[in-house]
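File shown: final-v8.txt. Contents: compact mmCIF, C-alpha atoms.
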```txt
# COMPACT_ATOMS: atom_id res chain seq x y z
CA MET A 1166 -29.47 194.90 124.89
CA VAL A 1167 -31.14 197.34 127.29
CA LYS A 1168 -34.62 198.57 126.45
CA VAL A 1169 -35.53 202.08 127.59
CA ASP A 1170 -39.16 203.22 127.84
CA LEU A 1171 -40.15 206.81 128.57
CA SER A 1172 -43.53 207.85 129.98
CA VAL A 1173 -45.07 210.53 132.17
CA PHE A 1174 -45.22 209.55 135.85
CA GLY A 1175 -47.34 212.54 136.84
CA LYS A 1176 -47.33 216.29 137.29
CA THR A 1177 -46.05 218.45 140.11
CA PRO A 1178 -48.44 220.92 141.80
CA GLU A 1179 -46.85 223.55 139.54
CA GLY A 1180 -47.90 221.57 136.46
CA LYS A 1181 -44.49 220.23 135.44
CA ASP A 1182 -44.38 216.80 133.83
CA VAL A 1183 -42.30 214.23 135.70
CA HIS A 1184 -40.82 211.54 133.47
CA LEU A 1185 -40.62 207.85 134.33
CA LEU A 1186 -37.87 205.79 132.69
CA LYS A 1187 -38.09 202.00 132.65
CA LEU A 1188 -34.82 200.20 131.92
CA VAL A 1189 -34.91 196.46 131.21
CA ASN A 1190 -31.98 194.27 130.16
CA SER A 1191 -32.19 190.98 128.25
CA LYS A 1192 -32.29 189.02 131.52
CA GLY A 1193 -35.44 190.84 132.62
CA PHE A 1194 -33.70 192.87 135.32
CA GLU A 1195 -35.60 196.15 135.69
CA VAL A 1196 -34.82 199.61 137.04
CA HIS A 1197 -37.39 202.43 137.09
CA LEU A 1198 -36.22 206.04 137.45
CA MET A 1199 -37.94 209.42 137.58
CA SER A 1200 -36.96 212.99 136.83
CA TYR A 1201 -38.33 214.25 140.18
CA GLY A 1202 -35.23 214.24 142.35
CA ALA A 1203 -33.33 212.19 139.72
CA ALA A 1204 -34.55 209.24 141.76
CA ILE A 1205 -34.75 205.47 141.67
CA VAL A 1206 -38.40 204.41 141.80
CA LYS A 1207 -38.03 200.64 141.58
CA ILE A 1208 -35.41 197.89 141.21
CA LEU A 1209 -36.74 194.43 140.37
CA ALA A 1210 -34.07 191.88 141.30
CA PRO A 1211 -34.31 188.06 141.14
CA ASP A 1212 -33.84 185.73 144.11
CA ARG A 1213 -32.19 182.28 144.03
CA ASN A 1214 -35.39 180.85 142.52
CA GLY A 1215 -35.59 183.48 139.80
CA LYS A 1216 -38.45 185.34 141.48
CA ASN A 1217 -38.27 189.12 141.14
CA ALA A 1218 -38.96 191.53 143.99
CA ASP A 1219 -38.72 195.30 144.25
CA VAL A 1220 -35.83 195.96 146.64
CA VAL A 1221 -36.18 199.75 147.02
CA LEU A 1222 -38.61 201.54 149.37
CA GLY A 1223 -40.81 204.27 147.90
CA PHE A 1224 -44.30 205.01 146.62
CA ASP A 1225 -46.58 203.83 143.85
CA ASP A 1226 -47.21 207.30 142.46
CA LEU A 1227 -45.56 210.69 142.19
CA GLN A 1228 -47.85 212.27 144.78
CA GLY A 1229 -46.52 209.89 147.40
CA PHE A 1230 -42.98 211.13 146.84
CA ILE A 1231 -44.14 214.76 146.96
CA ASP A 1232 -46.38 214.46 150.03
CA ARG A 1233 -44.45 212.02 152.20
CA ASN A 1234 -40.86 212.59 151.23
CA GLN A 1235 -38.38 210.66 153.36
CA TYR A 1236 -35.56 211.11 150.82
CA PHE A 1237 -36.55 207.73 149.37
CA ALA A 1238 -34.04 206.94 146.58
CA VAL A 1239 -33.58 210.59 145.54
CA SER A 1240 -30.42 212.49 144.61
CA CYS A 1241 -29.57 214.70 147.60
CA GLY A 1242 -27.74 218.01 147.16
CA ARG A 1243 -26.36 220.59 146.74
CA VAL A 1244 -24.72 219.09 149.85
CA ALA A 1245 -25.96 215.71 151.02
CA ASN A 1246 -25.83 214.92 154.73
CA ARG A 1247 -25.33 217.59 157.41
CA ILE A 1248 -23.65 220.98 157.63
CA ALA A 1249 -23.16 222.07 161.24
CA LYS A 1250 -25.43 224.95 162.25
CA GLY A 1251 -26.17 225.58 158.56
CA THR A 1252 -23.10 227.80 158.29
CA PHE A 1253 -19.89 227.64 156.27
CA SER A 1254 -17.26 229.92 154.74
CA VAL A 1255 -15.68 229.87 151.30
CA ASP A 1256 -12.78 232.19 150.45
CA GLY A 1257 -13.55 234.39 153.45
CA THR A 1258 -17.28 234.81 152.80
CA GLU A 1259 -19.72 233.28 155.30
CA TYR A 1260 -22.91 231.65 154.08
CA HIS A 1261 -26.04 230.72 156.02
CA LEU A 1262 -28.43 227.92 155.09
CA ALA A 1263 -31.89 226.86 156.20
CA ILE A 1264 -31.92 224.83 159.42
CA ASN A 1265 -33.98 221.68 158.83
CA ASN A 1266 -32.47 218.95 161.03
CA GLY A 1267 -32.13 219.93 164.67
CA PRO A 1268 -29.63 222.81 164.68
CA ASN A 1269 -28.14 221.78 161.32
CA SER A 1270 -28.79 221.89 157.59
CA LEU A 1271 -29.54 218.51 155.96
CA HIS A 1272 -29.47 217.31 152.33
CA GLY A 1273 -29.32 220.72 150.68
CA GLY A 1274 -31.97 222.57 152.67
CA LEU A 1275 -35.73 223.01 152.57
CA VAL A 1276 -36.04 222.53 148.81
CA GLY A 1277 -32.96 220.57 147.84
CA PHE A 1278 -32.23 218.68 144.63
CA ASP A 1279 -34.45 215.87 145.91
CA LYS A 1280 -37.50 218.09 145.28
CA LYS A 1281 -36.49 219.44 141.86
CA VAL A 1282 -37.68 218.29 138.44
CA PHE A 1283 -34.69 217.48 136.25
CA ASP A 1284 -34.58 217.66 132.46
CA THR A 1285 -34.52 214.23 130.80
CA GLU A 1286 -32.28 212.89 128.02
CA VAL A 1287 -32.83 209.27 126.98
CA LEU A 1288 -29.64 207.28 126.37
CA ALA A 1289 -29.19 203.96 124.56
CA ASP A 1290 -28.85 202.10 127.87
CA GLY A 1291 -30.25 204.56 130.38
CA VAL A 1292 -30.97 208.21 131.06
CA ARG A 1293 -29.24 211.48 131.83
CA PHE A 1294 -31.04 213.92 134.14
CA ARG A 1295 -29.96 217.57 134.31
CA TYR A 1296 -30.77 220.34 136.76
CA VAL A 1297 -29.44 223.91 136.90
CA SER A 1298 -29.33 225.32 140.42
CA VAL A 1299 -29.29 229.13 140.35
CA ASP A 1300 -26.77 231.24 142.22
CA GLY A 1301 -28.00 231.69 145.79
CA GLU A 1302 -30.45 228.76 145.74
CA GLU A 1303 -30.95 227.53 149.32
CA GLY A 1304 -28.18 229.94 150.34
CA TYR A 1305 -25.39 228.36 148.28
CA PRO A 1306 -23.09 230.43 146.03
CA GLY A 1307 -22.71 229.87 142.29
CA GLU A 1308 -24.89 228.54 139.50
CA VAL A 1309 -24.43 224.76 139.50
CA THR A 1310 -25.23 222.49 136.56
CA LEU A 1311 -25.69 218.90 137.68
CA ASP A 1312 -25.97 215.81 135.47
CA ALA A 1313 -27.11 212.51 136.96
CA SER A 1314 -26.63 209.60 134.54
CA TYR A 1315 -28.00 206.12 135.18
CA ARG A 1316 -27.01 203.22 132.91
CA LEU A 1317 -28.02 199.56 133.14
CA THR A 1318 -25.74 196.74 131.98
CA GLU A 1319 -26.44 193.18 130.85
CA ASP A 1320 -24.89 191.79 134.05
CA ASN A 1321 -27.38 193.59 136.32
CA GLN A 1322 -25.20 196.57 137.21
CA LEU A 1323 -26.69 200.02 137.71
CA ASP A 1324 -23.99 202.59 136.96
CA LEU A 1325 -24.64 206.04 138.46
CA VAL A 1326 -22.47 209.06 137.61
CA TYR A 1327 -22.91 212.58 138.97
CA ARG A 1328 -21.11 215.46 137.22
CA ALA A 1329 -21.33 219.12 138.16
CA THR A 1330 -19.82 222.51 137.36
CA SER A 1331 -20.25 225.85 139.09
CA THR A 1332 -19.79 229.51 138.24
CA LYS A 1333 -18.46 230.21 141.76
CA ALA A 1334 -16.66 228.26 144.46
CA THR A 1335 -19.28 226.22 146.34
CA PRO A 1336 -19.41 223.11 148.50
CA ILE A 1337 -20.92 220.09 146.77
CA ASN A 1338 -21.64 216.54 147.84
CA ILE A 1339 -24.23 214.58 145.85
CA ALA A 1340 -25.55 211.24 147.08
CA ASN A 1341 -28.29 208.81 146.18
CA HIS A 1342 -30.47 208.01 149.22
CA SER A 1343 -32.00 204.65 148.30
CA TYR A 1344 -33.48 202.56 151.09
CA PHE A 1345 -32.72 198.90 150.28
CA ASN A 1346 -34.42 195.76 151.55
CA LEU A 1347 -33.18 192.73 149.63
CA GLN A 1348 -36.05 190.55 150.87
CA GLY A 1349 -38.32 192.96 148.98
CA GLN A 1350 -39.61 196.36 150.02
CA GLY A 1351 -42.10 196.10 152.87
CA VAL A 1352 -40.97 192.59 153.90
CA GLY A 1353 -39.68 192.37 157.48
CA ASP A 1354 -36.49 194.18 158.45
CA ILE A 1355 -32.83 194.23 157.44
CA LEU A 1356 -31.38 193.11 160.78
CA GLY A 1357 -30.54 189.72 159.28
CA HIS A 1358 -28.96 191.20 156.14
CA VAL A 1359 -25.26 190.34 156.10
CA LEU A 1360 -23.05 193.39 155.51
CA GLU A 1361 -19.40 193.91 154.67
CA VAL A 1362 -17.94 197.45 154.46
CA ASN A 1363 -14.46 198.20 153.16
CA ALA A 1364 -13.65 200.62 155.98
CA SER A 1365 -11.13 200.45 158.81
CA HIS A 1366 -12.35 203.73 160.38
CA TYR A 1367 -15.62 205.54 161.00
CA LEU A 1368 -16.64 209.04 162.10
CA PRO A 1369 -18.09 209.35 165.61
CA VAL A 1370 -20.72 212.07 165.94
CA ASP A 1371 -22.04 214.49 168.56
CA GLN A 1372 -25.61 214.58 169.83
CA THR A 1373 -26.77 216.36 166.65
CA GLN A 1374 -25.11 213.82 164.31
CA ILE A 1375 -22.23 216.11 163.33
CA PRO A 1376 -18.82 214.37 163.15
CA THR A 1377 -16.48 215.23 166.01
CA GLY A 1378 -13.54 215.37 163.61
CA GLU A 1379 -11.95 212.13 164.80
CA LEU A 1380 -11.40 209.07 162.64
CA VAL A 1381 -11.81 206.08 164.94
CA ALA A 1382 -10.73 202.53 164.16
CA VAL A 1383 -13.70 200.17 163.76
CA SER A 1384 -11.84 197.22 165.28
CA GLY A 1385 -13.50 196.04 168.49
CA THR A 1386 -16.55 198.30 168.00
CA PRO A 1387 -20.10 197.76 166.67
CA PHE A 1388 -18.89 199.55 163.51
CA ASP A 1389 -16.59 196.72 162.43
CA PHE A 1390 -18.00 195.31 159.20
CA THR A 1391 -14.58 194.43 157.74
CA SER A 1392 -15.76 190.82 157.99
CA ALA A 1393 -19.32 190.21 156.85
CA HIS A 1394 -21.92 189.70 159.58
CA PRO A 1395 -25.61 190.52 160.20
CA ILE A 1396 -26.42 194.22 160.58
CA GLY A 1397 -28.46 193.49 163.69
CA ASP A 1398 -25.67 191.80 165.64
CA ARG A 1399 -24.69 194.94 167.58
CA LEU A 1400 -27.11 197.53 166.22
CA LYS A 1401 -28.78 198.14 169.57
CA GLU A 1402 -25.44 199.25 171.00
CA VAL A 1403 -25.36 202.19 168.57
CA ASP A 1404 -27.10 205.55 169.07
CA GLY A 1405 -28.48 206.57 165.71
CA GLY A 1406 -29.61 210.07 166.65
CA GLY A 1407 -31.88 209.18 169.56
CA GLU A 1408 -33.00 205.80 168.22
CA PRO A 1409 -30.97 202.59 168.09
CA GLY A 1410 -29.22 202.05 164.81
CA TYR A 1411 -26.54 203.28 162.46
CA ASP A 1412 -26.44 206.76 160.93
CA HIS A 1413 -22.69 207.09 160.53
CA ASN A 1414 -20.07 207.66 157.88
CA PHE A 1415 -17.54 204.92 157.20
CA CYS A 1416 -14.17 206.05 155.83
CA LEU A 1417 -13.44 203.81 152.88
CA LYS A 1418 -10.02 202.36 152.28
CA ARG A 1419 -8.58 204.33 149.38
CA GLU A 1420 -5.66 203.88 147.02
CA MET A 1421 -6.36 206.52 144.38
CA SER A 1422 -9.15 209.02 144.94
CA ASP A 1423 -10.53 208.85 141.40
CA GLU A 1424 -10.57 205.06 141.06
CA LEU A 1425 -13.68 202.92 141.32
CA ARG A 1426 -13.15 200.56 144.26
CA PHE A 1427 -15.03 198.13 146.47
CA CYS A 1428 -17.24 199.85 149.03
CA ALA A 1429 -19.72 197.38 150.49
CA ARG A 1430 -21.57 194.12 149.98
CA MET A 1431 -24.99 193.35 151.46
CA THR A 1432 -26.70 189.97 151.21
CA ASP A 1433 -30.09 188.68 152.29
CA PRO A 1434 -29.59 185.03 153.30
CA SER A 1435 -33.29 184.19 152.98
CA SER A 1436 -33.62 185.14 149.29
CA GLY A 1437 -29.98 184.97 148.23
CA ARG A 1438 -30.13 188.47 146.77
CA CYS A 1439 -26.81 190.28 146.96
CA MET A 1440 -25.90 193.90 146.23
CA GLU A 1441 -22.28 194.93 145.82
CA ILE A 1442 -21.29 198.59 145.65
CA HIS A 1443 -18.18 200.13 144.11
CA THR A 1444 -17.53 203.87 144.25
CA THR A 1445 -15.05 206.69 143.71
CA GLN A 1446 -16.22 208.42 146.90
CA PRO A 1447 -14.22 208.56 150.16
CA GLY A 1448 -17.12 207.63 152.44
CA VAL A 1449 -20.36 205.73 152.75
CA GLN A 1450 -23.14 206.64 155.19
CA LEU A 1451 -24.85 203.60 156.66
CA TYR A 1452 -28.37 204.50 157.79
CA THR A 1453 -30.65 201.77 159.10
CA ALA A 1454 -33.99 203.59 158.84
CA ASN A 1455 -33.97 204.40 162.54
CA PHE A 1456 -36.81 206.92 162.27
CA LEU A 1457 -39.26 204.97 160.15
CA ASN A 1458 -42.00 204.09 162.64
CA GLY A 1459 -44.88 202.65 160.64
CA SER A 1460 -46.51 206.01 159.98
CA VAL A 1461 -45.40 206.12 156.33
CA ALA A 1462 -47.46 203.97 153.94
CA GLY A 1463 -45.36 203.10 150.91
CA LYS A 1464 -45.79 200.87 147.87
CA GLY A 1465 -48.85 198.68 148.07
CA GLY A 1466 -49.96 200.49 151.22
CA VAL A 1467 -47.26 198.76 153.29
CA CYS A 1468 -46.31 200.73 156.40
CA TYR A 1469 -42.54 201.04 156.67
CA LYS A 1470 -41.29 200.24 160.15
CA GLN A 1471 -38.03 200.91 161.97
CA HIS A 1472 -35.05 199.10 160.42
CA SER A 1473 -37.13 198.00 157.43
CA ALA A 1474 -34.31 199.09 155.10
CA ALA A 1475 -30.68 200.12 154.97
CA CYS A 1476 -29.17 203.05 153.08
CA LEU A 1477 -25.60 202.90 151.84
CA GLU A 1478 -25.02 206.47 150.67
CA THR A 1479 -21.70 206.95 148.88
CA GLN A 1480 -20.47 210.48 149.48
CA ASN A 1481 -17.89 212.81 150.99
CA TYR A 1482 -17.65 213.02 154.77
CA PRO A 1483 -20.49 214.92 156.51
CA ASP A 1484 -19.72 218.58 157.36
CA ALA A 1485 -16.54 218.39 155.28
CA ILE A 1486 -16.86 222.09 154.41
CA ASN A 1487 -16.28 222.95 158.09
CA GLN A 1488 -13.68 220.30 158.91
CA LYS A 1489 -10.39 220.97 157.19
CA SER A 1490 -8.95 217.52 157.93
CA PHE A 1491 -11.75 215.94 155.85
CA PRO A 1492 -11.57 215.56 152.04
CA ASP A 1493 -12.05 218.87 150.23
CA SER A 1494 -15.69 219.50 149.28
CA VAL A 1495 -15.31 222.80 147.39
CA LEU A 1496 -16.05 222.86 143.66
CA ARG A 1497 -14.41 225.82 141.97
CA SER A 1498 -15.27 227.63 138.76
CA GLY A 1499 -13.61 225.90 135.82
CA ALA A 1500 -13.36 222.55 137.60
CA GLU A 1501 -15.67 219.54 137.44
CA TYR A 1502 -17.15 217.49 140.26
CA CYS A 1503 -17.52 213.84 139.31
CA GLN A 1504 -18.51 210.85 141.38
CA ARG A 1505 -19.38 207.35 140.22
CA THR A 1506 -21.14 204.55 142.06
CA VAL A 1507 -21.95 201.11 140.66
CA TYR A 1508 -24.55 198.82 142.21
CA LYS A 1509 -24.16 195.18 141.13
CA PHE A 1510 -27.01 192.77 141.87
CA SER A 1511 -26.48 189.02 141.94
CA VAL A 1512 -27.57 185.86 143.75
CA ALA A 1513 -25.33 184.44 146.46
CA SER A 1514 -24.33 180.81 146.04
```
How does this structure look as structure tokens?
Amino acid sequence: MVKVDLSVFGKTPEGKDVHLLKLVNSKGFEVHLMSYGAAIVKILAPDRNGKNADVVLGFDDLQGFIDRNQYFAVSCGRVANRIAKGTFSVDGTEYHLAINNGPNSLHGGLVGFDKKVFDTEVLADGVRFRYVSVDGEEGYPGEVTLDASYRLTEDNQLDLVYRATSTKATPINIANHSYFNLQGQGVGDILGHVLEVNASHYLPVDQTQIPTGELVAVSGTPFDFTSAHPIGDRLKEVDGGGEPGYDHNFCLKREMSDELRFCARMTDPSSGRCMEIHTTQPGVQLYTANFLNGSVAGKGGVCYKQHSAACLETQNYPDAINQKSFPDSVLRSGAEYCQRTVYKFSVAS
């Protein structure tokens, strides 16, 4: 049985209450969530000796998330990842977005879903967050209603479902941006984490991190994680936007687009903690915290350094709205957007 506790985490500068939800199953596995950005605040996972550690980077209080936002564990949207030059067209109408990442638009703009306070509905085994994005918000067409539902199971699975509808045709791509360190947040780096990704191709990018449009086979490249190996093995060979590291989309092997399927598995050999991800999404963005440089003090005052975490962001391909060979990213009136991602935590034998 999952216990759900609701409290107030703090208030925004505008005076809105932000809710904190604490989910605990009968094994003592804990997940903390908040209504600001429909975000994960904490995941307490056991190691091979039964010792719990928080495996998600973030802050001890709400003000930390507001003041020093690095997209830590938030829900990004209306379109996660990048849109080239902040411009796209839908049904012959051109739209222009705020430019907030070099020459491009990133994670929904200046005030994306990550900075919004969602309504909260407590469920028997979790929570449903809801946000209504007005027509024209951040330059996007249509009023979008987004539900983000988190549920915890007795076998230490966190089940995340995003559902959305829109009054007009609009691009949409929602992703959770958790930074994971399975040793425990603030402990060392993730270069020794062993990673497997169910992808035979990846998307190469230009100098501004926009995909070139090619799907390139991972075989024989530093992007080959079809067999599990440490993330750091060839990381320094990869340009992650001006710093060494990964910030690339992997094209997941797919059978049916709406089926939940294996995406990735990451294991920390030192603690034995393992996280396995299944998703309905066509891609996963691997980001190895290339731009954390020790200037951000997180939980417990720990300064987060380069490669101190890895993000595995399940999503559509970046810039899909401008690249017709990529999976369709347009949500039309009368249709429903739905994506599901399951994070399963265990201990490696």
Notebook entry, point to check: Pick the closest to Ala1204 (chain A) from A:Arg1505, A:Arg1399, A:His1358, A:His1342: which is it, counting all atoms listed in the file?
Noted result: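 Using all atoms listed in the file, the shortest distance to Ala1204 (chain A) belongs to A:His1342.
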Margin query: Under the rule that all atoms listed in the file are counted, which of A:Ala1340, A:Val1467, A:Met1431, A:Leu1325 is the nearest residue to Gln1480 (chain A)?
Written below: A:Ala1340
Note to self: I need the residue nearest Leu1271 (chain A) from this list: A:Tyr1236, A:Tyr1411, A:Phe1283, A:Phe1224. Use all atoms listed in the file for the distance.
What the structure shows: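 Under the stated criterion, the closest residue is A:Tyr1236.
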Margin query: Ranking A:Pro1211, A:Gly1459, A:Pro1409, A:Gly1242 by minimum distance to Thr1310 (chain A) and counting only C-alpha atoms, which one comes first?
Written below: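 Checking each candidate against Thr1310 (chain A), we get A:Gly1242 as the closest.
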Margin query: I want to know what sits within 6 Å of Asn1269 (chain A), based on only C-alpha atoms, with residues of the same chain fewer than 3 positions away left out; could you give that as an MDAnalysis selection string?
Written below: chainID A and resid 1248:1251 1264 1266
Name the residues in contact with Glu1195 (chain A) at a cut-off of 7 Å, using only C-alpha atoms, excluding same-chain residues fewer than 4 positions from it; report them as a PDB file with C-alpha atoms, keeping the file's coordinate frame.
```
ATOM      1  CA  LEU A1188     -34.820 200.200 131.920  1.00  0.00           C
ATOM      2  CA  VAL A1189     -34.910 196.460 131.210  1.00  0.00           C
ATOM      3  CA  ASN A1190     -31.980 194.270 130.160  1.00  0.00           C
ATOM      4  CA  ILE A1208     -35.410 197.890 141.210  1.00  0.00           C
ATOM      5  CA  LEU A1209     -36.740 194.430 140.370  1.00  0.00           C
TER       6      LEU A1209
END
```
Checklist line | For CA of Gly1499 (chain A) and CA of Pro1336 (chain A), the interatomic separation in Å (one decimal) | finding: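 So the answer is 14.2 Å.
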